Amino acid sequence: MENDRIAGSAKDFAGKVEGTVGDIAGDAKTQAAGRIREATGTAQNLYGQAKDATREATDAAVSYAKNAYENSGDTFHDGSQAIAKRVQDNPLGSMLIAGAIGFVLALLMTRPPRHPRKRGR
């Protein structure tokens with residue numbers, strides 16, 4: 001729990017007490033000081049709550065990122081093993097697929113650029 005929340009709650013309570021004493025005594029100065037202290041305490045309490053919420057959200061995001069990073073290696077490793085098993089089971093088919101992919105990439109990379117036709121003439 002954030003110290004600002006504790007201090008804010010204490011100021012809020014003290015301000016309410018001081019405002020009530022001012023009401024009872026009929027002292028406007030004490031009453032106003034109590035209301036100011038109460039408002040200050042409420043603001044400080046809300047600030048502490050916001051800091052707590054931010055810290056919790058940051059911790060959750062860090063935990064999520066850490067878990068994703070740790071599990072990404074497992075996913076890559078599992079995918080690599082699956083591909084290796086497919087290649088071992090069907091080496092000829094794998095070679096044909098790899099060759100076809102290479103051929104298509106070579107065609108795409110060596111193709112001359114297209115020039116748009118000029119209009120009008």
# chains A, B, ... in the order shown; residues from 1 in each chain; ligands from 1

$ residues_around --residues "Tyr47 of chain A" --least-positions-apart "3" --cutoff "10 Å" --atoms "only C-alpha atoms" --output "short mmCIF file (atom, residue, chain, number, x, y, z; two decimals) with all heavy atoms, in the first residue's frame"
data_model
loop_
_atom_site.label_atom_id
_atom_site.label_comp_id
_atom_site.auth_asym_id
_atom_site.auth_seq_id
_atom_site.Cartn_x
_atom_site.Cartn_y
_atom_site.Cartn_z
N GLU A 2 0.53 2.20 -0.77
CA GLU A 2 1.30 3.42 -0.95
C GLU A 2 1.19 4.33 0.27
O GLU A 2 0.12 4.48 0.86
CB GLU A 2 0.80 4.15 -2.20
CG GLU A 2 1.52 5.39 -2.56
CD GLU A 2 2.97 5.16 -2.85
OE1 GLU A 2 3.30 4.17 -3.50
OE2 GLU A 2 3.79 5.99 -2.41
N ASP A 4 1.30 7.50 0.34
CA ASP A 4 0.41 8.62 0.05
C ASP A 4 -1.04 8.29 0.39
O ASP A 4 -1.79 9.16 0.82
CB ASP A 4 0.52 9.03 -1.42
CG ASP A 4 1.82 9.73 -1.73
OD1 ASP A 4 2.22 10.61 -0.94
OD2 ASP A 4 2.45 9.39 -2.75
N ARG A 5 -1.43 7.06 0.20
CA ARG A 5 -2.80 6.67 0.53
C ARG A 5 -3.03 6.73 2.04
O ARG A 5 -4.07 7.21 2.50
CB ARG A 5 -3.09 5.26 0.02
CG ARG A 5 -3.18 5.21 -1.49
CD ARG A 5 -3.43 3.83 -2.00
NE ARG A 5 -4.77 3.39 -1.64
CZ ARG A 5 -5.25 2.20 -1.94
NH1 ARG A 5 -4.51 1.33 -2.59
NH2 ARG A 5 -6.47 1.87 -1.59
N GLY A 8 -2.84 10.42 3.10
CA GLY A 8 -4.03 11.10 2.59
C GLY A 8 -5.27 10.76 3.40
O GLY A 8 -6.08 11.64 3.70
N GLY A 41 -6.18 15.88 1.86
CA GLY A 41 -6.06 14.45 2.17
C GLY A 41 -6.72 13.57 1.11
O GLY A 41 -6.18 12.54 0.72
N THR A 42 -7.87 14.01 0.64
CA THR A 42 -8.56 13.25 -0.42
C THR A 42 -7.72 13.21 -1.69
O THR A 42 -7.57 12.16 -2.32
CB THR A 42 -9.94 13.88 -0.70
OG1 THR A 42 -10.72 13.86 0.49
CG2 THR A 42 -10.67 13.11 -1.79
N ALA A 43 -7.15 14.36 -2.06
CA ALA A 43 -6.30 14.41 -3.26
C ALA A 43 -5.07 13.52 -3.10
O ALA A 43 -4.69 12.79 -4.03
CB ALA A 43 -5.89 15.85 -3.54
N GLN A 44 -4.45 13.56 -1.92
CA GLN A 44 -3.26 12.74 -1.70
C GLN A 44 -3.62 11.25 -1.72
O GLN A 44 -2.88 10.43 -2.26
CB GLN A 44 -2.62 13.11 -0.36
CG GLN A 44 -1.27 12.45 -0.15
CD GLN A 44 -0.56 12.96 1.09
OE1 GLN A 44 -1.11 13.75 1.87
NE2 GLN A 44 0.66 12.51 1.28
N ALA A 50 -3.71 6.06 -7.54
CA ALA A 50 -3.26 6.05 -8.94
C ALA A 50 -1.86 5.45 -9.06
O ALA A 50 -1.57 4.68 -9.99
CB ALA A 50 -3.26 7.48 -9.50
N LYS A 51 -0.98 5.77 -8.11
CA LYS A 51 0.36 5.19 -8.14
C LYS A 51 0.30 3.68 -7.95
O LYS A 51 1.02 2.94 -8.63
CB LYS A 51 1.23 5.82 -7.04
CG LYS A 51 1.75 7.20 -7.40
CD LYS A 51 2.49 7.90 -6.29
CE LYS A 51 3.69 7.17 -5.77
NZ LYS A 51 4.42 7.94 -4.73
N ASP A 52 -0.56 3.22 -7.05
CA ASP A 52 -0.71 1.77 -6.84
C ASP A 52 -1.22 1.09 -8.10
O ASP A 52 -0.72 0.04 -8.50
CB ASP A 52 -1.67 1.49 -5.68
CG ASP A 52 -1.04 1.70 -4.32
OD1 ASP A 52 0.20 1.80 -4.23
OD2 ASP A 52 -1.79 1.78 -3.32
N ALA A 53 -2.22 1.68 -8.73
CA ALA A 53 -2.79 1.09 -9.95
C ALA A 53 -1.75 1.05 -11.06
O ALA A 53 -1.65 0.06 -11.79
CB ALA A 53 -4.02 1.89 -10.39
#

$ residues_around --residues "Arg35 of chain A" --least-positions-apart "5" --cutoff "7 Å" --atoms "only C-alpha atoms" --output "number ranges by chain"
A: 15-16, 19

$ residues_around --residues "Glu38 of chain A" --least-positions-apart "6" --cutoff "12 Å" --atoms "only C-alpha atoms" --output "VMD selection string"
chain A and resid 7 to 20 31 to 32 44 to 45

$ write_last_selection --atoms "C-alpha atoms" --output "compact mmCIF listing (two decimals), in the first residue's frame"
# COMPACT_ATOMS: atom_id res chain seq x y z
CA ALA A 7 -1.15 9.91 4.76
CA GLY A 8 -4.03 11.10 2.59
CA SER A 9 -6.57 9.10 4.57
CA ALA A 10 -5.15 10.47 7.81
CA LYS A 11 -5.31 14.08 6.54
CA ASP A 12 -8.82 13.49 5.26
CA PHE A 13 -9.95 12.19 8.64
CA ALA A 14 -8.17 15.01 10.52
CA GLY A 15 -9.75 17.55 8.19
CA LYS A 16 -13.23 16.14 8.84
CA VAL A 17 -12.63 16.31 12.59
CA GLU A 18 -11.28 19.84 12.36
CA GLY A 19 -14.19 20.93 10.15
CA THR A 20 -16.69 19.40 12.57
CA GLN A 31 -14.02 25.15 9.70
CA ALA A 32 -12.29 26.37 6.50
CA GLN A 44 -3.26 12.74 -1.70
CA ASN A 45 -5.23 9.51 -1.20

$ atom_distance --atom1 "atom CA of Asn3 of chain A" --atom2 "atom CA of Arg55 of chain A"
13.5 Å

$ decode --residues "segment 63-105 of chain A" --atoms "C-alpha atoms" --output "tab-separated table (two decimals), in the first residue's frame"
chain	number	residue	atom	x	y	z
A	63	SER	CA	5.16	-10.44	-16.13
A	64	TYR	CA	3.26	-10.97	-19.38
A	65	ALA	CA	6.25	-9.92	-21.50
A	66	LYS	CA	8.59	-12.13	-19.51
A	67	ASN	CA	6.32	-15.16	-19.92
A	68	ALA	CA	5.94	-14.49	-23.65
A	69	TYR	CA	9.71	-14.22	-24.05
A	70	GLU	CA	10.37	-17.40	-22.09
A	71	ASN	CA	7.77	-19.39	-24.04
A	72	SER	CA	8.76	-18.09	-27.48
A	73	GLY	CA	11.86	-20.30	-27.51
A	74	ASP	CA	9.73	-23.36	-26.83
A	75	THR	CA	7.39	-22.52	-29.70
A	76	PHE	CA	10.28	-21.97	-32.12
A	77	HIS	CA	11.94	-25.19	-30.99
A	78	ASP	CA	8.70	-27.17	-31.41
A	79	GLY	CA	8.18	-25.73	-34.90
A	80	SER	CA	11.74	-26.54	-35.89
A	81	GLN	CA	11.34	-30.11	-34.72
A	82	ALA	CA	8.09	-30.48	-36.67
A	83	ILE	CA	9.72	-29.23	-39.86
A	84	ALA	CA	12.76	-31.48	-39.35
A	85	LYS	CA	10.48	-34.49	-38.91
A	86	ARG	CA	8.57	-33.64	-42.11
A	87	VAL	CA	11.83	-33.36	-44.05
A	88	GLN	CA	13.05	-36.70	-42.68
A	89	ASP	CA	9.74	-38.37	-43.52
A	90	ASN	CA	9.61	-37.00	-47.08
A	91	PRO	CA	13.01	-35.73	-48.27
A	92	LEU	CA	12.13	-35.68	-51.99
A	93	GLY	CA	8.95	-33.67	-51.49
A	94	SER	CA	10.80	-31.23	-49.24
A	95	MET	CA	13.50	-30.73	-51.87
A	96	LEU	CA	10.90	-30.10	-54.57
A	97	ILE	CA	9.07	-27.55	-52.42
A	98	ALA	CA	12.31	-25.76	-51.51
A	99	GLY	CA	13.36	-25.71	-55.16
A	100	ALA	CA	9.99	-24.31	-56.26
A	101	ILE	CA	10.16	-21.56	-53.65
A	102	GLY	CA	13.70	-20.67	-54.75
A	103	PHE	CA	12.66	-20.61	-58.41
A	104	VAL	CA	9.72	-18.29	-57.75
A	105	LEU	CA	11.87	-15.96	-55.66
